[in-house]
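Asker: Sharing upload-v9.pdb, PDB, C-alpha atoms and all ligand atoms:
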ATOM      1  CA  MET A 796     167.929 150.339 195.181
ATOM      2  CA  ILE A 797     164.171 149.932 195.266
ATOM      3  CA  ARG A 798     162.379 152.750 193.404
ATOM      4  CA  VAL A 799     159.185 153.968 195.048
ATOM      5  CA  ALA A 800     156.563 156.400 193.679
ATOM      6  CA  VAL A 801     154.979 158.725 196.258
ATOM      7  CA  PRO A 802     152.143 161.272 195.742
ATOM      8  CA  ASN A 803     153.637 164.762 195.413
ATOM      9  CA  LYS A 804     150.367 166.711 195.906
ATOM     10  CA  GLY A 805     146.713 166.284 196.800
ATOM     11  CA  SER A 806     144.833 164.389 199.483
ATOM     12  CA  LEU A 807     147.290 161.480 199.765
ATOM     13  CA  SER A 808     150.580 163.352 199.724
ATOM     14  CA  GLU A 809     151.078 164.417 203.355
ATOM     15  CA  ALA A 810     149.781 161.173 204.834
ATOM     16  CA  ALA A 811     151.997 159.081 202.539
ATOM     17  CA  SER A 812     155.110 161.052 203.467
ATOM     18  CA  ALA A 813     154.177 160.873 207.163
ATOM     19  CA  MET A 814     153.849 157.094 206.955
ATOM     20  CA  LEU A 815     157.236 156.728 205.229
ATOM     21  CA  GLY A 816     158.801 159.011 207.850
ATOM     22  CA  GLU A 817     157.375 156.863 210.654
ATOM     23  CA  ALA A 818     158.772 153.824 208.852
ATOM     24  CA  GLY A 819     162.233 155.301 209.271
ATOM     25  CA  TYR A 820     162.846 156.725 205.796
ATOM     26  CA  ARG A 821     164.339 160.124 205.075
ATOM     27  CA  GLN A 822     161.770 162.848 204.466
ATOM     28  CA  ARG A 823     162.022 165.419 201.707
ATOM     29  CA  ARG A 824     162.736 168.912 203.034
ATOM     30  CA  ASP A 825     161.039 170.847 200.267
ATOM     31  CA  THR A 826     157.721 169.899 198.619
ATOM     32  CA  ARG A 827     159.219 170.849 195.260
ATOM     33  CA  GLU A 828     161.819 168.064 195.467
ATOM     34  CA  LEU A 829     160.951 165.502 192.778
ATOM     35  CA  VAL A 830     163.418 162.743 193.647
ATOM     36  CA  MET A 831     165.018 161.840 196.951
ATOM     37  CA  THR A 832     167.560 159.147 197.620
ATOM     38  CA  ASP A 833     167.898 157.512 201.031
ATOM     39  CA  PRO A 834     171.209 155.650 200.699
ATOM     40  CA  ASP A 835     171.144 154.397 204.301
ATOM     41  CA  ASN A 836     168.009 152.425 203.478
ATOM     42  CA  ASP A 837     168.856 151.617 199.857
ATOM     43  CA  ILE A 838     165.701 153.270 198.566
ATOM     44  CA  GLU A 839     164.822 156.028 196.119
ATOM     45  CA  PHE A 840     161.567 158.036 196.219
ATOM     46  CA  PHE A 841     160.007 159.704 193.172
ATOM     47  CA  PHE A 842     157.342 162.317 193.920
ATOM     48  CA  LEU A 843     154.673 162.138 191.219
ATOM     49  CA  ARG A 844     151.031 162.989 190.630
ATOM     50  CA  PRO A 845     148.995 160.260 192.323
ATOM     51  CA  ARG A 846     147.059 159.690 189.096
ATOM     52  CA  ASP A 847     150.309 158.971 187.213
ATOM     53  CA  ILE A 848     151.812 156.618 189.779
ATOM     54  CA  ALA A 849     149.976 153.533 188.464
ATOM     55  CA  VAL A 850     151.321 154.277 184.984
ATOM     56  CA  TYR A 851     154.959 154.304 186.147
ATOM     57  CA  VAL A 852     154.542 151.127 188.193
ATOM     58  CA  GLY A 853     152.518 149.370 185.477
ATOM     59  CA  SER A 854     155.139 150.119 182.848
ATOM     60  CA  GLY A 855     157.923 148.813 185.079
ATOM     61  CA  THR A 856     159.729 152.147 185.294
ATOM     62  CA  LEU A 857     159.301 152.220 189.067
ATOM     63  CA  ASP A 858     159.099 149.187 191.373
ATOM     64  CA  VAL A 859     156.210 150.100 193.659
ATOM     65  CA  GLY A 860     154.024 153.110 194.416
ATOM     66  CA  ILE A 861     151.571 154.587 196.868
ATOM     67  CA  THR A 862     148.293 155.732 195.315
ATOM     68  CA  GLY A 863     144.530 155.518 195.810
ATOM     69  CA  ARG A 864     142.736 152.298 194.868
ATOM     70  CA  ASP A 865     140.329 154.391 192.764
ATOM     71  CA  LEU A 866     143.194 156.052 190.853
ATOM     72  CA  PHE A 867     144.923 152.690 190.377
ATOM     73  CA  LEU A 868     141.800 150.994 188.990
ATOM     74  CA  ASP A 869     141.062 154.005 186.820
ATOM     75  CA  ALA A 870     144.484 153.775 185.147
ATOM     76  CA  GLN A 871     143.833 150.144 184.036
ATOM     77  CA  VAL A 872     147.471 149.085 184.102
ATOM     78  CA  GLU A 873     149.267 145.791 184.705
ATOM     79  CA  ALA A 874     149.889 146.034 188.433
ATOM     80  CA  VAL A 875     148.475 144.621 191.672
ATOM     81  CA  GLU A 876     147.604 145.901 195.125
ATOM     82  CA  LEU A 877     150.286 144.684 197.543
ATOM     83  CA  MET A 878     148.972 146.248 200.733
ATOM     84  CA  ASN A 879     146.206 148.474 202.157
ATOM     85  CA  LEU A 880     147.691 151.494 203.900
ATOM     86  CA  GLY A 881     144.700 152.599 206.010
ATOM     87  CA  PHE A 882     144.592 156.311 205.057
ATOM     88  CA  GLY A 883     143.020 158.322 202.206
ATOM     89  CA  THR A 884     139.732 156.485 202.621
ATOM     90  CA  SER A 885     136.921 157.668 200.366
ATOM     91  CA  THR A 886     133.866 156.355 198.556
ATOM     92  CA  PHE A 887     133.234 156.687 194.855
ATOM     93  CA  ARG A 888     129.525 157.208 194.195
ATOM     94  CA  PHE A 889     126.822 158.262 191.784
ATOM     95  CA  ALA A 890     125.061 161.539 192.472
ATOM     96  CA  GLY A 891     122.350 163.518 190.736
ATOM     97  CA  PRO A 892     119.964 166.430 191.273
ATOM     98  CA  VAL A 893     117.886 165.909 194.445
ATOM     99  CA  GLY A 894     114.966 163.548 193.796
ATOM    100  CA  GLU A 895     115.834 162.611 190.206
ATOM    101  CA  PHE A 896     117.580 159.236 190.476
ATOM    102  CA  SER A 897     117.369 156.343 192.927
ATOM    103  CA  ARG A 898     119.102 153.434 191.111
ATOM    104  CA  ALA A 899     122.103 153.073 188.773
ATOM    105  CA  GLU A 900     119.889 151.362 186.152
ATOM    106  CA  GLN A 901     118.113 154.694 185.592
ATOM    107  CA  LEU A 902     121.341 155.969 184.034
ATOM    108  CA  ASN A 903     120.670 154.185 180.716
ATOM    109  CA  GLY A 904     120.822 156.757 177.951
ATOM    110  CA  LYS A 905     122.031 159.513 180.309
ATOM    111  CA  ARG A 906     125.247 161.576 180.336
ATOM    112  CA  LEU A 907     127.580 160.973 183.293
ATOM    113  CA  ALA A 908     130.441 163.309 184.239
ATOM    114  CA  THR A 909     133.483 162.015 186.115
ATOM    115  CA  SER A 910     137.244 162.384 186.583
ATOM    116  CA  TYR A 911     137.536 158.582 186.800
ATOM    117  CA  ASP A 912     136.349 157.545 183.347
ATOM    118  CA  GLY A 913     138.272 154.236 183.204
ATOM    119  CA  LEU A 914     136.818 153.079 186.502
ATOM    120  CA  LEU A 915     133.316 154.270 185.609
ATOM    121  CA  ARG A 916     133.272 152.722 182.115
ATOM    122  CA  SER A 917     134.222 149.270 183.465
ATOM    123  CA  TYR A 918     131.580 149.542 186.199
ATOM    124  CA  LEU A 919     128.879 150.468 183.685
ATOM    125  CA  SER A 920     129.840 147.807 181.142
ATOM    126  CA  GLU A 921     129.993 145.068 183.820
ATOM    127  CA  ARG A 922     126.382 145.933 184.662
ATOM    128  CA  GLY A 923     125.188 146.492 181.102
ATOM    129  CA  ILE A 924     124.329 150.142 181.740
ATOM    130  CA  GLU A 925     124.600 152.221 178.574
ATOM    131  CA  ALA A 926     125.401 155.795 179.528
ATOM    132  CA  SER A 927     127.744 158.251 177.853
ATOM    133  CA  VAL A 928     130.733 159.316 179.921
ATOM    134  CA  VAL A 929     131.989 162.909 179.998
ATOM    135  CA  ARG A 930     135.565 163.097 181.302
ATOM    136  CA  LEU A 931     136.269 166.213 183.401
ATOM    137  CA  ASP A 932     139.357 167.142 185.402
ATOM    138  CA  GLY A 933     137.609 168.276 188.607
ATOM    139  CA  ALA A 934     134.747 170.306 190.100
ATOM    140  CA  VAL A 935     132.553 167.598 188.587
ATOM    141  CA  GLU A 936     129.617 168.643 190.799
ATOM    142  CA  SER A 937     129.090 171.732 188.646
ATOM    143  CA  SER A 938     128.659 169.765 185.417
ATOM    144  CA  VAL A 939     124.957 169.034 185.882
ATOM    145  CA  ARG A 940     123.968 172.607 186.683
ATOM    146  CA  LEU A 941     126.025 173.755 183.715
ATOM    147  CA  GLY A 942     124.261 171.287 181.435
ATOM    148  CA  VAL A 943     127.056 168.984 180.217
ATOM    149  CA  ALA A 944     125.811 165.958 182.205
ATOM    150  CA  ASP A 945     122.653 164.508 183.821
ATOM    151  CA  ALA A 946     124.451 162.882 186.770
ATOM    152  CA  ILE A 947     127.981 162.401 188.085
ATOM    153  CA  ALA A 948     130.260 159.745 189.571
ATOM    154  CA  ASP A 949     132.773 161.224 192.016
ATOM    155  CA  VAL A 950     134.681 160.913 195.264
ATOM    156  CA  VAL A 951     132.383 161.726 198.193
ATOM    157  CA  GLU A 952     133.764 162.238 201.649
ATOM    158  CA  THR A 953     131.540 164.476 203.805
ATOM    159  CA  GLY A 954     128.988 165.130 201.032
ATOM    160  CA  ASN A 955     129.301 168.893 201.584
ATOM    161  CA  THR A 956     130.322 169.626 198.001
ATOM    162  CA  LEU A 957     127.335 167.658 196.675
ATOM    163  CA  ARG A 958     124.848 169.390 198.964
ATOM    164  CA  ALA A 959     126.186 172.786 197.983
ATOM    165  CA  ALA A 960     125.576 171.869 194.326
ATOM    166  CA  GLY A 961     121.966 170.740 195.029
ATOM    167  CA  MET A 962     122.764 167.073 194.476
ATOM    168  CA  GLU A 963     122.459 163.823 196.431
ATOM    169  CA  ILE A 964     124.042 160.389 196.202
ATOM    170  CA  PHE A 965     122.035 157.461 194.816
ATOM    171  CA  GLY A 966     122.567 153.744 194.172
ATOM    172  CA  ASP A 967     125.132 151.466 195.797
ATOM    173  CA  PRO A 968     128.698 152.726 196.311
ATOM    174  CA  ILE A 969     130.747 152.122 193.154
ATOM    175  CA  LEU A 970     133.981 151.613 195.078
ATOM    176  CA  LYS A 971     135.420 151.963 198.561
ATOM    177  CA  SER A 972     138.909 153.359 198.238
ATOM    178  CA  GLU A 973     141.943 153.931 200.418
ATOM    179  CA  ALA A 974     145.642 154.421 199.819
ATOM    180  CA  VAL A 975     147.343 151.220 198.665
ATOM    181  CA  LEU A 976     150.856 150.067 197.844
ATOM    182  CA  ILE A 977     150.916 148.799 194.262
ATOM    183  CA  GLY A 978     153.529 146.741 192.443
ATOM    184  CA  ARG A 979     153.818 144.263 189.578
ATOM    185  CA  SER A 980     152.759 140.648 189.894
ATOM    186  CA  GLY A 981     154.379 137.529 188.536
ATOM    187  CA  GLU A 982     157.944 138.800 188.607
ATOM    188  CA  ASN A 983     160.781 138.445 191.052
ATOM    189  CA  PRO A 984     159.975 141.004 193.733
ATOM    190  CA  PRO A 985     162.467 143.889 193.676
ATOM    191  CA  PRO A 986     165.190 143.696 196.338
ATOM    192  CA  GLY A 987     164.134 145.530 199.473
ATOM    193  CA  LEU A 988     160.382 145.188 198.905
ATOM    194  CA  ASP A 989     160.036 142.773 201.833
ATOM    195  CA  VAL A 990     161.741 145.259 204.183
ATOM    196  CA  LEU A 991     159.628 148.181 202.922
ATOM    197  CA  MET A 992     156.397 146.201 203.416
ATOM    198  CA  ARG A 993     157.427 144.978 206.871
ATOM    199  CA  ARG A 994     158.192 148.558 207.889
ATOM    200  CA  LEU A 995     154.872 149.880 206.556
ATOM    201  CA  ARG A 996     152.994 147.070 208.283
ATOM    202  CA  GLY A 997     154.843 148.051 211.479
ATOM    203  CA  VAL A 998     153.527 151.613 211.172
ATOM    204  CA  ILE A 999     149.969 150.427 210.518
ATOM    205  CA  VAL A1000     150.005 148.061 213.507
ATOM    206  CA  ALA A1001     151.536 150.720 215.786
ATOM    207  CA  ARG A1002     148.703 153.056 214.739
ATOM    208  CA  GLU A1003     145.935 150.482 215.125
ATOM    209  CA  TYR A1004     146.989 148.842 218.395
ATOM    210  CA  VAL A1005     147.981 149.839 221.931
ATOM    211  CA  MET A1006     149.809 147.807 224.580
ATOM    212  CA  MET A1007     147.703 146.889 227.616
ATOM    213  CA  ASP A1008     149.153 145.752 230.948
ATOM    214  CA  TYR A1009     147.189 144.658 234.000
ATOM    215  CA  ASP A1010     147.371 142.567 237.153
ATOM    216  CA  ILE A1011     144.827 139.848 237.825
ATOM    217  CA  ARG A1012     144.221 136.897 240.145
ATOM    218  CA  LYS A1013     145.664 133.676 238.723
ATOM    219  CA  ASP A1014     142.314 131.877 238.561
ATOM    220  CA  LEU A1015     140.893 134.675 236.352
ATOM    221  CA  VAL A1016     143.658 134.653 233.699
ATOM    222  CA  ASP A1017     141.757 132.480 231.243
ATOM    223  CA  ALA A1018     138.685 134.704 231.410
ATOM    224  CA  ALA A1019     140.868 137.809 231.040
ATOM    225  CA  ALA A1020     142.725 136.295 228.071
ATOM    226  CA  THR A1021     139.470 135.939 226.145
ATOM    227  CA  LEU A1022     139.082 139.740 226.473
ATOM    228  CA  THR A1023     142.725 140.397 225.499
ATOM    229  CA  PRO A1024     143.817 137.519 223.242
ATOM    230  CA  GLY A1025     146.552 139.645 221.651
ATOM    231  CA  LEU A1026     147.831 138.977 218.156
ATOM    232  CA  GLU A1027     149.102 135.521 219.086
ATOM    233  CA  SER A1028     148.790 135.034 222.835
ATOM    234  CA  PRO A1029     149.082 137.337 225.884
ATOM    235  CA  THR A1030     152.294 137.347 227.947
ATOM    236  CA  VAL A1031     151.661 136.223 231.531
ATOM    237  CA  SER A1032     154.395 136.959 234.117
ATOM    238  CA  PRO A1033     154.548 136.056 237.815
ATOM    239  CA  LEU A1034     154.109 138.706 240.513
ATOM    240  CA  ARG A1035     155.843 138.622 243.913
ATOM    241  CA  ASP A1036     152.425 138.281 245.509
ATOM    242  CA  THR A1037     151.768 134.638 244.559
ATOM    243  CA  GLY A1038     148.003 134.634 243.943
ATOM    244  CA  TRP A1039     148.344 137.225 241.141
ATOM    245  CA  VAL A1040     149.967 137.554 237.688
ATOM    246  CA  ALA A1041     150.773 140.424 235.312
ATOM    247  CA  VAL A1042     149.325 140.193 231.799
ATOM    248  CA  ARG A1043     150.511 142.089 228.713
ATOM    249  CA  SER A1044     148.676 142.084 225.400
ATOM    250  CA  MET A1045     148.140 144.153 222.249
ATOM    251  CA  VAL A1046     144.620 145.565 221.949
ATOM    252  CA  ARG A1047     142.876 147.403 219.109
ATOM    253  CA  ARG A1048     143.028 151.117 219.859
ATOM    254  CA  THR A1049     139.290 151.581 219.180
ATOM    255  CA  GLN A1050     138.422 148.893 221.770
ATOM    256  CA  THR A1051     140.668 150.236 224.545
ATOM    257  CA  ASN A1052     138.081 151.686 226.923
ATOM    258  CA  ARG A1053     135.512 148.909 226.508
ATOM    259  CA  ILE A1054     138.163 146.280 227.286
ATOM    260  CA  MET A1055     139.509 148.239 230.288
ATOM    261  CA  ASP A1056     135.954 148.429 231.731
ATOM    262  CA  GLU A1057     135.363 144.716 231.192
ATOM    263  CA  LEU A1058     138.748 143.790 232.700
ATOM    264  CA  TYR A1059     138.049 145.968 235.734
ATOM    265  CA  ASP A1060     134.636 144.331 236.241
ATOM    266  CA  LEU A1061     136.349 140.941 236.036
ATOM    267  CA  GLY A1062     138.734 141.918 238.855
ATOM    268  CA  ALA A1063     141.817 143.184 237.004
ATOM    269  CA  ARG A1064     143.618 146.141 238.584
ATOM    270  CA  ALA A1065     146.506 148.480 237.654
ATOM    271  CA  ILE A1066     145.301 148.450 234.040
ATOM    272  CA  LEU A1067     147.784 150.521 232.013
ATOM    273  CA  VAL A1068     147.663 151.434 228.347
ATOM    274  CA  SER A1069     150.674 152.616 226.359
ATOM    275  CA  THR A1070     151.187 153.469 222.716
ATOM    276  CA  ILE A1071     153.369 151.313 220.493
ATOM    277  CA  HIS A1072     156.074 153.503 219.034
ATOM    278  CA  ALA A1073     157.214 151.030 216.385
ATOM    279  CA  CYS A1074     157.018 147.298 215.789
ATOM    280  CA  ARG A1075     157.783 144.415 213.451
ATOM    281  CA  ILE A1076     155.054 141.807 213.418
TER     282      ILE A1076
HETATM  283  N1  LIG B   1     138.034 164.463 200.131
HETATM  284  C1  LIG B   1     138.718 163.905 199.140
HETATM  285  N2  LIG B   1     138.725 164.474 197.931
HETATM  286  C2  LIG B   1     139.415 163.938 196.911
HETATM  287  N3  LIG B   1     140.124 162.805 197.012
HETATM  288  C3  LIG B   1     140.154 162.189 198.200
HETATM  289  C4  LIG B   1     139.471 162.701 199.318
HETATM  290  N4  LIG B   1     139.697 161.876 200.350
HETATM  291  C5  LIG B   1     140.485 160.891 199.887
HETATM  292  N5  LIG B   1     140.747 161.062 198.589
HETATM  293  C6  LIG B   1     141.554 160.181 197.747
HETATM  294  O1  LIG B   1     142.693 160.899 197.267
HETATM  295  C7  LIG B   1     142.990 160.481 195.931
HETATM  296  C8  LIG B   1     142.887 161.666 195.010
HETATM  297  O2  LIG B   1     143.990 162.425 195.211
HETATM  298  P1  LIG B   1     144.423 163.522 194.117
HETATM  299  O3  LIG B   1     145.657 164.129 194.648
HETATM  300  O4  LIG B   1     144.411 162.969 192.760
HETATM  301  O5  LIG B   1     143.190 164.446 194.085
HETATM  302  P2  LIG B   1     142.806 165.633 195.029
HETATM  303  O6  LIG B   1     143.161 165.365 196.438
HETATM  304  O7  LIG B   1     141.399 165.838 194.718
HETATM  305  O8  LIG B   1     143.767 166.769 194.512
HETATM  306  P3  LIG B   1     143.547 167.776 193.286
HETATM  307  O9  LIG B   1     142.090 167.755 192.978
HETATM  308  O10 LIG B   1     144.026 169.051 193.858
HETATM  309  O11 LIG B   1     144.406 167.277 192.190
HETATM  310  C9  LIG B   1     141.957 159.426 195.575
HETATM  311  O12 LIG B   1     142.498 158.158 195.862
HETATM  312  C10 LIG B   1     140.816 159.730 196.505
HETATM  313  O13 LIG B   1     140.011 158.614 196.783
HETATM  314  O1  LIG B   2     132.288 165.049 200.058
HETATM  315  P1  LIG B   2     133.277 166.172 200.272
HETATM  316  O2  LIG B   2     133.869 166.156 201.639
HETATM  317  O3  LIG B   2     132.700 167.498 199.915
HETATM  318  O4  LIG B   2     134.571 165.894 199.354
HETATM  319  C1  LIG B   2     134.436 165.467 198.030
HETATM  320  C2  LIG B   2     134.960 166.490 197.084
HETATM  321  O5  LIG B   2     136.361 166.667 197.287
HETATM  322  C3  LIG B   2     137.058 166.444 196.065
HETATM  323  O6  LIG B   2     137.197 167.616 195.334
HETATM  324  P2  LIG B   2     138.527 168.520 195.333
HETATM  325  O7  LIG B   2     138.499 169.482 196.468
HETATM  326  O8  LIG B   2     139.710 167.636 195.256
HETATM  327  O9  LIG B   2     138.356 169.337 193.994
HETATM  328  P3  LIG B   2     138.320 168.759 192.509
HETATM  329  O10 LIG B   2     136.918 168.313 192.273
HETATM  330  O11 LIG B   2     138.694 169.924 191.673
HETATM  331  O12 LIG B   2     139.297 167.645 192.433
HETATM  332  C4  LIG B   2     136.134 165.492 195.328
HETATM  333  O13 LIG B   2     136.373 165.492 193.945
HETATM  334  C5  LIG B   2     134.785 166.013 195.677
HETATM  335  O14 LIG B   2     134.437 167.080 194.854
HETATM  336 MG    MG B   3     140.352 166.635 193.494
END
Is it possible to give me this structure as structure tokens?

Answerer:
Amino acid sequence: MIRVAVPNKGSLSEAASAMLGEAGYRQRRDTRELVMTDPDNDIEFFFLRPRDIAVYVGSGTLDVGITGRDLFLDAQVEAVELMNLGFGTSTFRFAGPVGEFSRAEQLNGKRLATSYDGLLRSYLSERGIEASVVRLDGAVESSVRLGVADAIADVVETGNTLRAAGMEIFGDPILKSEAVLIGRSGENPPPGLDVLMRRLRGVIVAREYVMMDYDIRKDLVDAAATLTPGLESPTVSPLRDTGWVAVRSMVRRTQTNRIMDELYDLGARAILVSTIHACRI
């Protein structure tokens, strides 16, 4: 059985469980369940704090885990990112009192509060910035007002928390994060990992793409195919009316309306879009 670590709480928890559910795995019925076996799929899920997941995977106790890239890098363990999962996106950034800082280099000699001290220390040392790091568990935005730090490094999503604390971001983003599947490198992959990854990729593709069908005159197929090249190549089928064909192709969800407009202008008709329920690519 492959042993998988899944966030039990916090920002990543619901989305991770939803993705595993869409991938056909059993869902836990109660959020207090700590372990759940899915014998039909030969898989066992362990619900753990997202910050701890890298530790379990790095030590070899569990085979793979879902966590945030920022939490994974912060833990500084022997593991690798196997796959981006497309949810839990966030940016890790410097912030300080409005108007006080504009570049990371100005942090030399300053005190920096963060919950991600491992990640922050490597960033600072790679750039030769000598600042002292104050490790806090959360509500890091309050640390400057309360006098334990001069600036912070934290997860910023909307920026609302920063604004409310009278702070603003400065400098380049330290890290762009999202949920990732992590595992160990350089070993025989655990049995079942290939199936798990194929299933997760199926969910991601079904979320990112739609299926587009349309009818078009035969002589316009090549022009239409440049608009809808699909993942490999569009399917072209004959219609009873000989001058026309039916075309079917996967299209990025975000491009759907632009492509429909362009196909219509080209002469395509009966343009239909449907969601992909599940797939294996
Ligand atoms: N708005 C957000 N706030 C915090 N973390 C976020 C946010 N959006 C995405 N994330 C990601 O979620 C992960 C942090 O999850 P975690 O459960 O540790 O913290 P949390 O959601 O802040 O929960 P808590 O603070 O209650 O422990 C990180 O990978 C982070 O990048
Ligand atoms: O840019 P925003 O949309 O305001 O979101 C970012 C805030 O959300 C998180 O805090 P959380 O609510 O997890 O509290 P915590 O600081 O105690 O972890 C994060 O640590 C930031 O403080
Ligand atoms: Mg938090």

Asker: Looking at A:Gly987, A:Val875, A:Glu963, A:Met1007, which one is nearest to Pro1029 in chain A, with distances taken over all atoms listed in the file?

Answerer: A:Met1007

Asker: Determine, counting only C-alpha atoms, which protein, DNA and RNA residues have an atom within 12 Å of an atom of range 820-828 of chain A; residues of the same chain fewer than 6 positions away are not included. Present the result as a PyMOL selection string.

Answerer: chain A and resi 799+801-805+808-809+811-814+834-843+990-991+994-995+998

Asker: Could you list, as a list of chain:residue names, all the residues within 7 Å of ligand LIG 1 (chain B), counting all atoms listed in the file?

Answerer: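 What falls inside 7 Å of ligand LIG 1 (chain B) is A:Lys804, A:Gly805, A:Ser806, A:Leu807, A:Arg844, A:Pro845, A:Arg846, A:Thr862, A:Gly863, A:Arg864, A:Asp865, A:Leu866, A:Gly883, A:Thr884, A:Ser885, A:Thr886, A:Gly933, A:Val950, A:Val951, A:Glu952, A:Ser972, A:Glu973, A:Ala974.
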
Asker: Find, counting all atoms listed in the file, the residue in A:Arg922, A:Ala934, A:Thr1049, A:Tyr1009 that gets nearest to Leu1034 in chain A.

Answerer: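 Between A:Arg922, A:Ala934, A:Thr1049, A:Tyr1009, the residue approaching Leu1034 in chain A most closely is A:Tyr1009.
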
Asker: To one decimal place, how far is CA of Asp949 in chain A from CA of Leu877 in chain A in Å?

Answerer: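 Taking CA of Asp949 in chain A as the start and CA of Leu877 in chain A as the end point, the length is 24.7 Å.
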
Asker: Could you tell me which residues the PyMOL selection byres (((chain A and resi 1025-1028) around 12) and not hetatm) returns for this structure, as a VMD selection string?

Answerer: chain A and resid 1000 1004 to 1008 1017 1019 to 1024 1029 to 1031 1042 to 1047 1076

Asker: Provide the CA of Gly853 in chain A to CA of Leu914 in chain A distance in Å, to one decimal place.

Answerer: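 So the answer is 16.2 Å.
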
Asker: With a distance cut-off of 7 Å and only C-alpha atoms, select the neighbouring residues of range 1060-1066 of chain A, excluding the residue or stretch itself and same-chain residues fewer than 3 positions from it, and output the selection as an NGL selection string.

Answerer: :A and (1008-1011 or 1055-1057)

Asker: I'd like the contact shell of range 944-948 of chain A - 6 Å cut-off, all atoms listed in the file, skipping same-chain residues fewer than 3 positions apart - returned as a PyMOL selection string.

Answerer: chain A and resi 888-891+906-909+938-939

Asker: Rank A:Ala870, A:Ile999, A:Ile1054, A:Leu931 by their smallest atom-to-atom distance to Ala1073 in chain A, using only C-alpha atoms, and report the top residue only.

Answerer: A:Ile999
